[in-house]
>>> print(open('query36.txt').read())   # compact mmCIF, C-alpha atoms and all ligand atoms
# COMPACT_ATOMS: atom_id res chain seq x y z
CA MET N 289 -41.53 5.21 28.03
CA LEU N 290 -39.63 2.29 26.52
CA ASP N 291 -36.11 1.44 27.64
CA PHE N 292 -33.33 1.53 25.08
CA ASP N 293 -32.64 -2.21 24.84
CA THR N 294 -36.32 -3.08 24.36
CA ALA N 295 -36.68 -0.46 21.62
CA GLN N 296 -33.53 -1.75 19.91
CA ASP N 297 -34.88 -5.28 20.10
CA ARG N 298 -38.28 -4.35 18.66
CA LEU N 299 -36.66 -2.67 15.68
CA ILE N 300 -34.52 -5.74 14.98
CA GLN N 301 -37.65 -7.93 15.17
CA ALA N 302 -39.26 -5.74 12.50
CA ALA N 303 -36.53 -6.55 9.96
CA VAL N 304 -36.89 -9.64 7.77
CA ARG N 305 -33.97 -11.76 6.57
CA PRO N 306 -33.51 -11.98 2.79
CA THR N 307 -34.74 -15.08 0.98
CA ARG N 308 -33.41 -14.48 -2.53
CA SER N 309 -29.81 -14.48 -3.64
CA GLU N 310 -27.93 -13.33 -6.71
CA ARG N 311 -24.70 -14.48 -8.34
CA ILE N 312 -22.07 -11.79 -8.86
CA PRO N 313 -18.38 -11.65 -9.87
CA VAL N 314 -15.97 -12.00 -6.94
CA ALA N 315 -14.32 -8.79 -8.12
CA GLN N 316 -17.50 -6.91 -7.21
CA ALA N 317 -18.28 -8.78 -4.01
CA LEU N 318 -16.38 -6.77 -1.41
CA GLY N 319 -18.74 -6.03 1.48
CA ARG N 320 -21.53 -8.22 0.08
CA VAL N 321 -23.07 -10.91 2.28
CA VAL N 322 -22.67 -14.52 1.14
CA ALA N 323 -25.92 -16.42 0.79
CA THR N 324 -24.55 -19.97 1.15
CA ASN N 325 -21.83 -21.73 3.10
CA ILE N 326 -18.82 -21.82 0.81
CA LEU N 327 -16.75 -25.02 0.74
CA ALA N 328 -13.16 -25.50 -0.37
CA THR N 329 -13.21 -27.46 -3.64
CA ILE N 330 -9.42 -27.80 -3.64
CA ALA N 331 -6.86 -28.09 -0.86
CA ILE N 332 -4.76 -24.99 -0.20
CA PRO N 333 -1.91 -25.37 -0.66
CA PRO N 334 -2.68 -28.03 -3.28
CA ALA N 335 0.60 -29.87 -2.51
CA ASP N 336 3.42 -29.86 0.06
CA ASN N 337 5.82 -27.05 -0.80
CA SER N 338 8.70 -25.07 0.57
CA ALA N 339 8.23 -22.01 2.78
CA MET N 340 11.84 -20.91 2.17
CA ASP N 341 14.58 -20.62 -0.38
CA GLY N 342 16.80 -23.59 0.53
CA TYR N 343 17.35 -27.30 0.07
CA ALA N 344 14.98 -30.24 0.37
CA ILE N 345 16.52 -33.22 2.16
CA ARG N 346 15.54 -36.44 3.83
CA LEU N 347 16.34 -35.74 7.50
CA ALA N 348 17.75 -39.25 7.96
CA ASP N 349 20.46 -38.34 5.40
CA PHE N 350 21.73 -35.44 7.50
CA GLU N 351 25.11 -35.89 9.13
CA SER N 352 26.98 -32.94 10.61
CA GLY N 353 29.81 -31.80 8.32
CA LYS N 354 28.84 -34.16 5.47
CA GLY N 355 27.97 -32.64 2.08
CA LEU N 356 24.90 -33.69 0.09
CA PRO N 357 25.20 -33.63 -3.73
CA ILE N 358 22.59 -31.41 -5.40
CA GLN N 359 20.43 -33.62 -7.56
CA GLN N 360 18.27 -30.92 -9.21
CA ARG N 361 17.36 -27.23 -9.06
CA CYS N 362 13.61 -26.85 -8.83
CA TYR N 363 11.95 -23.44 -9.14
CA ALA N 364 8.40 -22.49 -8.09
CA GLY N 365 6.12 -23.90 -10.78
CA ASP N 366 8.50 -26.78 -11.69
CA VAL N 367 7.74 -30.40 -10.88
CA PRO N 368 10.65 -31.97 -8.96
CA GLU N 369 12.14 -35.42 -9.36
CA ALA N 370 11.90 -37.90 -6.49
CA LEU N 371 14.76 -37.27 -4.06
CA LYS N 372 17.52 -39.87 -4.24
CA THR N 373 19.01 -41.18 -1.01
CA GLY N 374 21.91 -39.06 0.27
CA HIS N 375 21.07 -36.11 -2.02
CA ALA N 376 19.53 -32.64 -1.75
CA ILE N 377 17.30 -30.74 -4.17
CA ARG N 378 17.79 -27.00 -4.42
CA LEU N 379 14.41 -25.27 -4.14
CA PHE N 380 12.79 -21.90 -3.63
CA THR N 381 9.77 -20.48 -1.81
CA GLY N 382 6.72 -22.16 -3.30
CA SER N 383 8.66 -24.99 -4.98
CA LEU N 384 6.93 -28.35 -4.67
CA MET N 385 8.43 -30.77 -2.13
CA PRO N 386 10.10 -33.68 -3.96
CA ALA N 387 8.78 -37.15 -3.14
CA GLY N 388 11.01 -38.64 -0.47
CA ALA N 389 12.04 -35.28 1.02
CA ASP N 390 10.69 -34.39 4.45
CA THR N 391 12.60 -31.27 5.51
CA VAL N 392 13.75 -27.94 4.06
CA VAL N 393 16.99 -26.34 5.22
CA MET N 394 17.00 -22.62 4.56
CA GLN N 395 19.81 -21.35 2.40
CA GLU N 396 21.07 -19.01 5.14
CA ASN N 397 22.14 -22.14 7.05
CA CYS N 398 23.96 -23.72 4.09
CA THR N 399 26.99 -23.24 1.92
CA GLU N 400 27.22 -24.59 -1.59
CA ASP N 401 30.43 -25.76 -3.21
CA ASN N 402 30.70 -27.52 -6.57
CA ASP N 403 27.08 -28.70 -6.59
CA VAL N 404 27.37 -30.05 -3.06
CA VAL N 405 25.52 -28.46 -0.16
CA PHE N 406 26.93 -28.32 3.38
CA ILE N 407 24.43 -27.76 6.16
CA GLN N 408 25.72 -25.61 9.04
CA SER N 409 22.96 -26.11 11.62
CA THR N 410 21.06 -29.20 12.71
CA PRO N 411 17.65 -29.28 11.00
CA THR N 412 14.44 -30.58 12.58
CA LEU N 413 11.97 -32.86 10.80
CA HIS N 414 9.41 -30.97 8.63
CA ASP N 415 11.19 -27.62 8.99
CA HIS N 416 9.91 -25.02 6.50
CA VAL N 417 7.49 -27.39 4.80
CA ARG N 418 4.01 -26.06 4.01
CA VAL N 419 1.75 -29.07 4.17
CA LYS N 420 -0.96 -29.75 1.59
CA GLY N 421 -4.33 -28.48 2.88
CA GLU N 422 -2.87 -26.83 6.00
CA ASP N 423 -4.61 -23.58 5.06
CA MET N 424 -7.88 -24.93 3.60
CA SER N 425 -8.61 -28.62 3.44
CA GLN N 426 -10.75 -29.90 0.58
CA GLY N 427 -14.46 -30.07 1.45
CA LYS N 428 -14.20 -27.87 4.50
CA THR N 429 -16.50 -24.86 4.97
CA ILE N 430 -14.30 -21.85 4.46
CA ILE N 431 -16.84 -18.99 4.55
CA LEU N 432 -20.07 -19.14 6.52
CA LYS N 433 -23.38 -18.01 5.09
CA GLY N 434 -24.15 -14.50 6.33
CA LYS N 435 -20.58 -13.22 6.36
CA PRO N 436 -19.92 -9.86 4.73
CA LEU N 437 -16.92 -10.44 2.48
CA ASN N 438 -13.70 -8.66 3.39
CA SER N 439 -10.49 -8.58 1.39
CA GLY N 440 -9.28 -11.75 3.16
CA HIS N 441 -12.40 -13.63 2.03
CA ILE N 442 -11.85 -12.36 -1.52
CA ALA N 443 -8.33 -13.82 -1.36
CA MET N 444 -9.72 -17.16 -0.12
CA LEU N 445 -12.22 -17.30 -2.98
CA ALA N 446 -9.56 -16.40 -5.54
CA SER N 447 -7.20 -19.04 -4.10
CA GLN N 448 -9.95 -21.56 -4.82
CA GLY N 449 -10.13 -20.35 -8.40
CA VAL N 450 -13.66 -19.06 -7.83
CA THR N 451 -14.88 -16.20 -10.04
CA GLU N 452 -18.52 -15.83 -8.96
CA VAL N 453 -20.27 -15.93 -5.63
CA ASP N 454 -23.88 -16.12 -4.39
CA VAL N 455 -24.76 -13.12 -2.25
CA TYR N 456 -27.92 -11.59 -0.86
CA PRO N 457 -29.34 -8.60 -2.76
CA MET N 458 -28.42 -5.28 -1.22
CA PRO N 459 -31.39 -3.99 0.75
CA LYS N 460 -32.95 -0.88 -0.77
CA ILE N 461 -33.19 1.89 1.77
CA GLY N 462 -35.41 4.95 1.32
CA ILE N 463 -34.86 8.22 3.13
CA LEU N 464 -37.48 10.91 3.70
CA THR N 465 -36.49 14.17 5.33
CA THR N 466 -39.19 16.65 6.33
CA GLY N 467 -39.25 20.30 7.26
CA ASP N 468 -40.15 23.67 5.75
CA GLU N 469 -37.00 25.17 7.27
CA LEU N 470 -34.66 22.97 5.25
CA ALA N 471 -32.79 24.04 2.13
CA GLN N 472 -30.85 21.57 -0.02
CA PRO N 473 -27.08 22.13 -0.19
CA GLY N 474 -26.37 24.03 -3.40
CA GLN N 475 -29.45 26.23 -2.97
CA PRO N 476 -29.18 29.75 -1.47
CA LEU N 477 -30.04 29.85 2.23
CA LYS N 478 -33.03 32.06 2.99
CA GLU N 479 -33.56 33.70 6.36
CA GLY N 480 -34.79 31.16 8.87
CA GLN N 481 -33.50 28.20 6.89
CA ILE N 482 -30.79 25.66 7.58
CA TYR N 483 -29.34 23.15 5.18
CA ASN N 484 -30.60 19.61 5.11
CA SER N 485 -27.63 17.75 6.57
CA ASN N 486 -29.48 14.62 7.68
CA ALA N 487 -30.26 13.35 4.20
CA PRO N 488 -26.61 13.29 3.07
CA MET N 489 -25.51 12.03 6.49
CA LEU N 490 -27.95 9.11 6.55
CA SER N 491 -27.23 8.35 2.95
CA ALA N 492 -23.53 8.09 3.84
CA MET N 493 -24.34 5.93 6.86
CA VAL N 494 -26.37 3.54 4.72
CA GLN N 495 -23.53 3.31 2.21
CA GLN N 496 -21.03 2.71 4.98
CA LEU N 497 -23.04 -0.37 5.96
CA ASN N 498 -22.88 -1.45 2.34
CA ALA N 499 -26.62 -1.15 1.81
CA HIS N 500 -28.14 0.70 -1.13
CA VAL N 501 -29.75 4.14 -0.90
CA HIS N 502 -32.51 3.58 -3.41
CA LEU N 503 -34.24 6.94 -3.10
CA SER N 504 -33.88 10.00 -0.89
CA LEU N 505 -36.77 12.48 -0.88
CA HIS N 506 -37.61 15.66 0.95
CA ALA N 507 -41.15 16.66 1.90
CA LYS N 508 -42.58 19.98 3.00
CA ASP N 509 -44.44 19.95 6.29
CA THR N 510 -47.79 19.16 4.70
CA LEU N 511 -49.78 15.98 4.99
CA GLU N 512 -50.08 15.61 1.19
CA ASP N 513 -46.37 16.05 0.54
CA ILE N 514 -45.35 13.55 3.21
CA GLN N 515 -48.02 11.06 2.16
CA GLN N 516 -47.01 11.22 -1.47
CA ALA N 517 -43.33 10.71 -0.71
CA LEU N 518 -44.07 7.83 1.67
CA THR N 519 -46.21 6.10 -0.92
CA THR N 520 -43.39 6.11 -3.47
CA LEU N 521 -40.74 5.11 -0.94
CA CYS N 522 -42.72 2.25 0.55
CA GLN N 523 -43.49 0.79 -2.87
CA GLU N 524 -39.86 0.72 -3.90
CA CYS N 525 -37.81 0.13 -0.75
CA ASP N 526 -37.13 -2.60 1.82
CA LEU N 527 -36.85 -0.09 4.65
CA VAL N 528 -37.87 3.56 4.83
CA LEU N 529 -36.35 6.05 7.24
CA THR N 530 -38.18 9.28 7.94
CA VAL N 531 -36.44 12.15 9.65
CA GLY N 532 -38.04 14.80 11.84
CA GLY N 533 -41.68 15.58 12.29
CA VAL N 534 -42.35 12.78 14.78
CA SER N 535 -42.69 14.73 18.02
CA VAL N 536 -45.84 16.39 19.22
CA GLY N 537 -45.39 19.80 17.55
CA ASP N 538 -48.04 21.32 15.26
CA LYS N 539 -45.98 20.44 12.19
CA ASP N 540 -45.23 16.89 13.24
CA LEU N 541 -47.18 15.26 10.46
CA VAL N 542 -45.35 12.00 9.88
CA LYS N 543 -47.63 10.04 12.20
CA PRO N 544 -50.89 11.29 10.61
CA ALA N 545 -49.42 10.69 7.13
CA ILE N 546 -48.52 7.09 7.97
CA GLU N 547 -51.94 6.50 9.48
CA ALA N 548 -53.63 8.00 6.44
CA LEU N 549 -51.78 5.37 4.37
CA GLY N 550 -53.17 2.61 6.54
CA GLY N 551 -50.02 2.10 8.57
CA GLU N 552 -50.17 1.63 12.27
CA MET N 553 -47.51 3.62 14.00
CA ASN N 554 -45.89 2.88 17.30
CA LEU N 555 -44.46 6.11 18.57
CA TRP N 556 -42.11 5.40 21.39
CA LYS N 557 -40.70 7.76 23.87
CA VAL N 558 -37.48 5.82 24.26
CA ARG N 559 -35.73 6.44 27.54
CA MET N 560 -32.55 7.52 25.77
CA LYS N 561 -30.72 10.75 25.13
CA PRO N 562 -30.26 11.89 22.43
CA GLY N 563 -33.18 10.59 20.43
CA LYS N 564 -36.26 10.34 22.56
CA PRO N 565 -38.93 10.02 19.87
CA VAL N 566 -38.42 6.90 17.77
CA ALA N 567 -41.24 5.53 15.64
CA LEU N 568 -41.88 2.20 13.95
CA ALA N 569 -44.66 1.54 11.47
CA HIS N 570 -45.45 -0.74 8.54
CA ILE N 571 -46.97 0.51 5.34
CA GLY N 572 -47.88 -2.62 3.44
CA ASP N 573 -44.95 -4.91 4.25
CA THR N 574 -42.40 -2.14 4.39
CA PRO N 575 -41.06 -1.16 7.78
CA VAL N 576 -40.82 2.58 8.34
CA VAL N 577 -38.63 3.95 11.11
CA GLY N 578 -39.14 7.52 12.23
CA LEU N 579 -35.91 9.15 13.37
CA PRO N 580 -35.70 12.36 15.36
CA GLY N 581 -34.77 15.48 13.37
CA ASN N 582 -31.84 16.70 15.39
CA PRO N 583 -28.70 15.55 13.56
CA VAL N 584 -27.04 14.05 16.64
CA SER N 585 -30.20 12.19 17.61
CA SER N 586 -30.64 10.94 14.10
CA PHE N 587 -27.03 9.77 14.00
CA ALA N 588 -27.25 8.01 17.36
CA VAL N 589 -30.56 6.27 16.66
CA PHE N 590 -29.36 5.16 13.25
CA SER N 591 -26.07 3.81 14.60
CA LEU N 592 -27.52 2.02 17.61
CA MET N 593 -30.97 0.94 16.44
CA VAL N 594 -31.30 1.11 12.65
CA SER N 595 -27.91 -0.37 11.73
CA PRO N 596 -28.84 -3.73 13.33
CA MET N 597 -32.07 -3.74 11.27
CA ILE N 598 -30.11 -3.16 8.10
CA ARG N 599 -27.69 -5.98 8.98
CA VAL N 600 -30.68 -8.32 9.32
CA LEU N 601 -32.04 -7.15 5.94
CA GLN N 602 -28.61 -7.81 4.47
CA GLY N 603 -28.68 -11.36 5.81
CA ARG N 604 -25.65 -10.87 8.02
CA ARG N 605 -25.01 -13.41 10.76
CA HIS N 606 -24.41 -10.78 13.38
CA ALA N 607 -26.87 -7.92 13.54
CA MET N 608 -25.46 -6.61 16.78
CA PRO N 609 -21.82 -5.61 16.81
CA ARG N 610 -19.79 -6.07 19.96
CA VAL N 611 -19.96 -3.53 22.76
CA PHE N 612 -16.62 -2.70 24.36
CA TYR N 613 -15.80 -1.05 27.67
CA GLY N 614 -13.69 1.96 28.47
CA THR N 615 -12.81 4.33 31.27
CA LEU N 616 -14.23 7.86 31.16
CA GLU N 617 -11.72 10.67 31.31
CA CYS N 618 -13.61 13.87 32.07
CA SER N 619 -14.07 16.65 34.57
CA GLN N 620 -17.86 16.66 34.54
CA THR N 621 -20.33 14.33 36.23
CA PHE N 622 -23.14 12.69 34.27
CA LYS N 623 -26.48 11.78 35.75
CA GLY N 624 -29.86 11.76 34.08
CA SER N 625 -33.19 10.01 34.16
CA ARG N 626 -32.59 8.61 30.65
CA GLU N 627 -29.90 6.33 29.26
CA GLU N 628 -27.45 8.74 27.71
CA PHE N 629 -25.18 8.11 24.71
CA ILE N 630 -22.39 10.66 24.59
CA ARG N 631 -19.95 11.25 21.76
CA VAL N 632 -16.48 10.27 22.84
CA GLN N 633 -13.02 9.81 21.41
CA ALA N 634 -11.29 6.59 22.43
CA ARG N 635 -7.58 6.06 22.80
CA ALA N 636 -5.47 3.37 24.42
CA ASP N 637 -4.06 4.63 27.72
CA ALA N 638 -0.66 3.69 29.18
CA ASN N 639 -2.02 0.42 30.64
CA GLY N 640 -3.42 -0.62 27.29
CA SER N 641 -7.01 -0.09 28.38
CA VAL N 642 -9.37 2.24 26.56
CA ALA N 643 -9.79 5.82 27.78
CA LEU N 644 -12.90 7.69 26.61
CA THR N 645 -12.93 11.48 26.38
CA PRO N 646 -16.38 13.08 25.92
CA HIS N 647 -16.86 15.88 23.39
CA GLU N 648 -17.23 19.21 25.16
CA GLN N 649 -20.56 19.96 23.48
CA GLN N 650 -23.11 17.21 23.99
CA GLY N 651 -26.09 19.14 22.56
CA SER N 652 -28.20 17.21 20.05
CA ALA N 653 -27.61 19.80 17.31
CA ILE N 654 -23.78 19.78 17.47
CA ILE N 655 -23.02 18.31 14.05
CA SER N 656 -19.27 18.81 14.39
CA SER N 657 -19.15 16.38 17.33
CA LEU N 658 -20.19 13.56 14.96
CA ALA N 659 -17.14 13.91 12.76
CA TRP N 660 -14.94 14.06 15.84
CA ALA N 661 -16.30 11.04 17.71
CA THR N 662 -14.89 7.53 17.43
CA GLY N 663 -17.93 6.13 19.20
CA LEU N 664 -20.69 6.50 21.74
CA ALA N 665 -20.30 5.88 25.46
CA ARG N 666 -23.34 4.68 27.34
CA ILE N 667 -24.20 6.44 30.59
CA PRO N 668 -26.78 4.40 32.51
CA ALA N 669 -29.95 6.17 33.71
CA ASN N 670 -30.17 7.39 37.28
CA THR N 671 -26.54 6.63 37.99
CA GLU N 672 -23.84 9.14 38.78
CA ILE N 673 -20.98 8.60 36.34
CA LYS N 674 -17.73 10.51 36.66
CA ASN N 675 -14.04 10.48 35.80
CA GLY N 676 -12.54 6.99 36.12
CA ASP N 677 -15.82 5.08 35.81
CA VAL N 678 -16.00 2.19 33.36
CA VAL N 679 -18.83 2.46 30.81
CA ALA N 680 -20.03 0.58 27.72
CA TYR N 681 -18.48 1.86 24.49
CA TYR N 682 -20.17 1.52 21.09
CA ASP N 683 -17.25 1.78 18.68
CA LEU N 684 -18.30 3.27 15.34
CA ARG N 685 -15.74 1.10 13.55
CA HIS N 686 -18.16 -1.72 14.34
CA TRP N 687 -21.53 0.01 14.77
CA ALA N 688 -21.31 2.07 11.59
CA HIS N 689 -20.13 -0.78 9.33
P1 LIG I 1 -38.31 18.12 14.09
O1 LIG I 1 -38.28 16.78 14.75
O2 LIG I 1 -38.81 18.08 12.69
O3 LIG I 1 -39.00 19.13 14.94
O4 LIG I 1 -36.78 18.57 14.01
C1 LIG I 1 -35.99 18.76 15.15
C2 LIG I 1 -34.80 19.61 14.84
O5 LIG I 1 -34.00 18.97 13.89
C3 LIG I 1 -35.14 20.97 14.25
O6 LIG I 1 -34.24 21.93 14.77
C4 LIG I 1 -34.93 20.77 12.77
O7 LIG I 1 -34.64 21.96 12.10
C5 LIG I 1 -33.78 19.82 12.76
N1 LIG I 1 -33.81 19.00 11.55
C6 LIG I 1 -34.84 18.23 11.15
N2 LIG I 1 -34.55 17.61 9.99
C7 LIG I 1 -33.30 18.00 9.67
C8 LIG I 1 -32.42 17.70 8.58
N3 LIG I 1 -32.83 16.88 7.60
N4 LIG I 1 -31.21 18.27 8.55
C9 LIG I 1 -30.82 19.10 9.55
N5 LIG I 1 -31.57 19.40 10.59
C10 LIG I 1 -32.81 18.88 10.67
MG MG I 2 -39.66 19.40 11.42
>>> encode(input="query36.txt", output="structure tokens")
Amino acid sequence: MLDFDTAQDRLIQAAVRPTRSERIPVAQALGRVVATNILATIAIPPADNSAMDGYAIRLADFESGKGLPIQQRCYAGDVPEALKTGHAIRLFTGSLMPAGADTVVMQENCTEDNDVVFIQSTPTLHDHVRVKGEDMSQGKTIILKGKPLNSGHIAMLASQGVTEVDVYPMPKIGILTTGDELAQPGQPLKEGQIYNSNAPMLSAMVQQLNAHVHLSLHAKDTLEDIQQALTTLCQECDLVLTVGGVSVGDKDLVKPAIEALGGEMNLWKVRMKPGKPVALAHIGDTPVVGLPGNPVSSFAVFSLMVSPMIRVLQGRRHAMPRVFYGTLECSQTFKGSREEFIRVQARADANGSVALTPHEQQGSAIISSLAWATGLARIPANTEIKNGDVVAYYDLRHWAH
């Protein structure tokens, strides 16, 4: 038996970072991983400007009760004159700071009479001035290679006037479900059958990571069918996930199929629950991960062990999301010989710490618990864990994205 962390590590080691990149429009780059460090080519803001509607003054000219004649009205987009001694320039949010001005007084603190402004409160030097380059200075790295772009990054790129960006290609993921008992949604359900829920689930999980589901196939429980599907998938994909058929049952034919294709398969009994059988093989250069068939096991193994592989294939800086901690709120006691990952809902308790409530049904076939859960709580092996104990929490907002 392999412990969970070792198995997770071995899967990450099997994933190769991308070497190629492609140039795409910024408008299509949300979620894509940048392939180079991106530098600011211009300072943002490009010039000192006002953060408020108000008046630009030279602080030295301020005297309580004394009015300053308004030299000019300067709107955002206009270019102001140089400020004359003893004057003020009326300006608005985003207006350029006039040469010679050092302070903005907001209009709420002023009254205007006959083109003369009277300042009601004592200003401080540099009040309400946005300084050139305070956001992004020219030449500075603004986005690190390996970052998946979020909407904030898109705004940064646009503020630089950039329209195209170099990103890594999306890894192509192949999915192979197996099982004679499975019907595809849309088909009538015969006696003894269940619908194939893992294929759509895994497909959604891959998409949620912003990787590409290149091909999803289903094979009957025959060696030929599985072999044929694997051949196609391994030729076309960067990573292939098989589902089911990796235990030791009579119809568990994934291992023989992989071996028939010249792949060497490591079948691990990982000391984790759910998801004991996890397999890793290579057919040619393509890594193949065998996931357990039970939906909950498949979900857990994908979230905890396959998602880091995909992040590596995407070229992301961080393959492993953060693990948080929370306090269990439950009536039952957990203790097992394997590391257990239970579906929980997290909420902030009155002290601001995270309380974790386990789903009532922790069976590995309880599909409805997956939609309900916000994450997985980790119950260490051979340790009694009960209400009030602090455990590691794998938040799906991080582990599924
Ligand atoms: P197996 O590992 O093939 O023995 O599958 C274990 C359990 O998971 C069995 O109850 C299967 O019916 C179920 N299962 C396997 N693949 C799927 C799938 N794609 N969708 C839903 N259930 C599945
Ligand atoms: Mg099966």
>>> residues_around(input="query36.txt", residues="range 339-348 of chain N", least_positions_apart="5", cutoff="12 Å", atoms="all atoms listed in the file", output="ChimeraX atom specification")
/N:333,355-364,368-400,403-407,410-419
>>> atom_distance(input="query36.txt", atom1="CA of Lys564 in chain N", atom2="CA of Ser535 in chain N")
9.0 Å
>>> residues_near_ligand(input="query36.txt", ligand="ligand MG 2 (chain I)", cutoff="12 Å", atoms="all atoms listed in the file", output="PyMOL selection string")
chain N and resi 464-470+481-482+484+486+506-510+514+530-542+578-583
>>> atom_distance(input="query36.txt", atom1="CA of Leu511 in chain N", atom2="CA of Gly551 in chain N")
14.3 Å
>>> atom_distance(input="query36.txt", atom1="CA of Asn639 in chain N", atom2="CA of Phe622 in chain N")
24.7 Å
>>> residues_around(input="query36.txt", residues="range 420-428 of chain N", least_positions_apart="3", cutoff="8 Å", atoms="only C-alpha atoms", output="PyMOL selection string")
chain N and resi 327-337
>>> residues_around(input="query36.txt", residues="range 606-617 of chain N", least_positions_apart="3", cutoff="8 Å", atoms="only C-alpha atoms", output="list in words")
Gly434, Ser595, Pro596, Met597, Ile598, Arg599, Val600, Ala634, Ser641, Val642, Ala643, Leu644, Thr645, Pro646, Lys674, Asn675, Gly676, Asp677, Val678, Val679, Ala680, Tyr681, Tyr682, Asp683, His686 and Trp687 of chain N
>>> write_last_selection(input="query36.txt", atoms="C-alpha atoms", output="short mmCIF file (atom, residue, chain, number, x, y, z; two decimals), in the frame of the given file")
data_model
loop_
_atom_site.label_atom_id
_atom_site.label_comp_id
_atom_site.auth_asym_id
_atom_site.auth_seq_id
_atom_site.Cartn_x
_atom_site.Cartn_y
_atom_site.Cartn_z
CA GLY N 434 -24.15 -14.50 6.33
CA SER N 595 -27.91 -0.37 11.73
CA PRO N 596 -28.84 -3.73 13.33
CA MET N 597 -32.07 -3.74 11.27
CA ILE N 598 -30.11 -3.16 8.10
CA ARG N 599 -27.69 -5.98 8.98
CA VAL N 600 -30.68 -8.32 9.32
CA ALA N 634 -11.29 6.59 22.43
CA SER N 641 -7.01 -0.09 28.38
CA VAL N 642 -9.37 2.24 26.56
CA ALA N 643 -9.79 5.82 27.78
CA LEU N 644 -12.90 7.69 26.61
CA THR N 645 -12.93 11.48 26.38
CA PRO N 646 -16.38 13.08 25.92
CA LYS N 674 -17.73 10.51 36.66
CA ASN N 675 -14.04 10.48 35.80
CA GLY N 676 -12.54 6.99 36.12
CA ASP N 677 -15.82 5.08 35.81
CA VAL N 678 -16.00 2.19 33.36
CA VAL N 679 -18.83 2.46 30.81
CA ALA N 680 -20.03 0.58 27.72
CA TYR N 681 -18.48 1.86 24.49
CA TYR N 682 -20.17 1.52 21.09
CA ASP N 683 -17.25 1.78 18.68
CA HIS N 686 -18.16 -1.72 14.34
CA TRP N 687 -21.53 0.01 14.77
#
>>> residues_around(input="query36.txt", residues="Ala659 in chain N", least_positions_apart="5", cutoff="12 Å", atoms="all atoms listed in the file", output="PyMOL selection string")
chain N and resi 489+583-584+587+631-633+647+654+684
>>> decode(input="query36.txt", residues="range 475-485 of chain N", atoms="N, CA, C and O atoms", output="short mmCIF file (atom, residue, chain, number, x, y, z; two decimals), in the first residue's frame")
data_model
loop_
_atom_site.label_atom_id
_atom_site.label_comp_id
_atom_site.auth_asym_id
_atom_site.auth_seq_id
_atom_site.Cartn_x
_atom_site.Cartn_y
_atom_site.Cartn_z
N GLN N 475 -30.13 7.43 -23.66
CA GLN N 475 -30.54 6.08 -24.08
C GLN N 475 -31.50 5.51 -23.03
O GLN N 475 -31.42 5.88 -21.86
N PRO N 476 -32.40 4.58 -23.45
CA PRO N 476 -33.26 3.95 -22.43
C PRO N 476 -32.42 3.08 -21.49
O PRO N 476 -31.40 2.53 -21.90
N LEU N 477 -32.84 2.99 -20.24
CA LEU N 477 -32.08 2.24 -19.24
C LEU N 477 -32.63 0.82 -19.17
O LEU N 477 -33.78 0.60 -18.80
N LYS N 478 -31.80 -0.14 -19.54
CA LYS N 478 -32.24 -1.54 -19.45
C LYS N 478 -32.04 -2.05 -18.04
O LYS N 478 -31.29 -1.47 -17.25
N GLU N 479 -32.71 -3.17 -17.74
CA GLU N 479 -32.58 -3.75 -16.40
C GLU N 479 -31.10 -4.05 -16.13
O GLU N 479 -30.40 -4.59 -16.99
N GLY N 480 -30.67 -3.70 -14.94
CA GLY N 480 -29.28 -3.98 -14.57
C GLY N 480 -28.32 -2.88 -14.95
O GLY N 480 -27.14 -2.91 -14.59
N GLN N 481 -28.82 -1.89 -15.69
CA GLN N 481 -27.92 -0.81 -16.12
C GLN N 481 -28.03 0.41 -15.22
O GLN N 481 -29.04 0.63 -14.55
N ILE N 482 -26.98 1.22 -15.23
CA ILE N 482 -27.02 2.56 -14.65
C ILE N 482 -26.45 3.50 -15.72
O ILE N 482 -25.77 3.05 -16.64
N TYR N 483 -26.74 4.77 -15.56
CA TYR N 483 -26.20 5.72 -16.52
C TYR N 483 -24.74 6.02 -16.23
O TYR N 483 -24.30 5.99 -15.08
N ASN N 484 -24.03 6.30 -17.28
CA ASN N 484 -22.63 6.71 -17.17
C ASN N 484 -22.60 8.15 -16.67
O ASN N 484 -22.82 9.08 -17.42
N SER N 485 -22.34 8.33 -15.40
CA SER N 485 -22.27 9.69 -14.86
C SER N 485 -20.82 10.18 -14.77
O SER N 485 -20.56 11.37 -14.71
#
